[in-house]
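Below: the structure, in structure tokens.
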Amino acid sequence: MTVSSGQCEFETTSGTDILDVTPDVRAFLEASGISDGVLIVFAPGATAGITTIEFEPGALADFRRTLEMVAPRDQEYEHNRRWGDGNGHSHIRAALVGPSLAVPVLNGRLDLGTWQQIVLCDFDNRTRRRRIRLQAIGE
Amino acid sequence: MTVSSGQCEFETTSGTDILDVTPDVRAFLEASGISDGVLIVFAPGATAGITTIEFEPGALADFRRTLEMVAPRDQEYEHNRRWGDGNGHSHIRAALVGPSLAVPVLNGRLDLGTWQQIVLCDFDNRTRRRRIRLQAIGE
Amino acid sequence: MTVSSGQCEFETTSGTDILDVTPDVRAFLEASGISDGVLIVFAPGATAGITTIEFEPGALADFRRTLEMVAPRDQEYEHNRRWGDGNGHSHIRAALVGPSLAVPVLNGRLDLGTWQQIVLCDFDNRTRRRRIRLQAIGE
């Protein structure tokens, strides 16, 4: 049993940028040499989230619309009133979606569904350089 | 420390079928021989989710109603316009609830609350044969 | 590779009490002696959740407002009709936020963002003594 750590960085745009990080996760897993275990994908940061979705433009647009309904960008936020950075909605979306995902690994492969991709959601209202942490435990 | 893998299959109905998979998870854990560690429950697929809830008809009906408010079945979805499969709402609900759950294992037992059950939520709009992956790491 | 278990208890108030448990998680990690691996934070119970957020009063107030919009306290719930305990909204919020979080550990530290704290959300409608489970796996 070993632990293997890695990270990836991405340039993101403002306005709920959703990135398919599955290829990066797969590349990390292959390099790790771990064939059976669990892989954690984690977004360090209070305005990003990790989940899975079918990565096609329609589903992504729908997901953005739902998040806009649940935590509208132009609503008043106490966070904005205190800090003036205008990303109150980003914090709420991130807390709801959550920053971590645990994916089973079998025979060196992620056990994902056919249409299921791992995505980094950057909810912030400005372009950023985003880092995700990949942590695999297994044998 | 070892890794133990298993899976379970379920026949689901359309319209946010919610299944209590706790007995299956417990049976897997017992067979695994792992007494202390972590057990991952994962739904491979872009239209299903894993969470916990008190598995009684009232809470399940309330959960379905909330999901219907957040991502209504009969709303227009870009996903449906592109793919014509009518399950745009399923993708959104799955992305929000998330496909993975990590449950602590102590002395051979899941550390769940008394009224807390592990559920597979099939959000798809048709009956399916669903698989969940169970992955335990521990000693 | 070892497994280390711990738990913490908190007195909570009613009405979506959100507690910063990061210092407790850090203290547990330090005592565990694990320097690289994964730490699971888990809320045993059907009316609590674990997520991350920037722990400042504005973002917490905004998060509570969003949850009140998604699952209003004073709406009618089937759960309440059956059980009369008035916490139907608590069950829905808990199922949405989810009870578990997996945090990467590197060099003895949680890989959190600067403004990202781990929070226990007690959604119940009465004061409680709440327990969270901490489970670390690593070396």
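Following the order of the structure tokens, first chain is A, next is B, and so on, with residues numbered from 1 inside each chain and ligands from 1 in the order they appear.
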* Could you pull the residues within 8 Å of Glu78 (chain A), counting only C-alpha atoms, minus those fewer than 3 positions along the same chain, as a ChimeraX atom specification? -> /A:81-82,88 /C:57-59,61-62
* Specify as number ranges by chain all residues of chain B found within 9 Å of chain C, counting only C-alpha atoms. => B: 1, 36-38, 50-54, 56-63, 66, 69-70, 96-98, 101-106, 111-117, 137-139
* Would you mind reading off the distance between CA of Leu67 (chain B) and CA of Glu68 (chain C), one decimal, in Å? =>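 Separation between CA of Leu67 (chain B) and CA of Glu68 (chain C): 14.3 Å.
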* To do: Write out as a ChimeraX atom specification all residues of region 8-82 of chain B that backbone DSSP assigns to strand (DSSP E or B).
  => /B:8-12,17-20,37-42,48-53
* Separation of CA of Phe55 (chain A) from CA of Asp20 (chain A), in Å and rounded to one decimal ->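 Distance between the two atoms: 6.8 Å.
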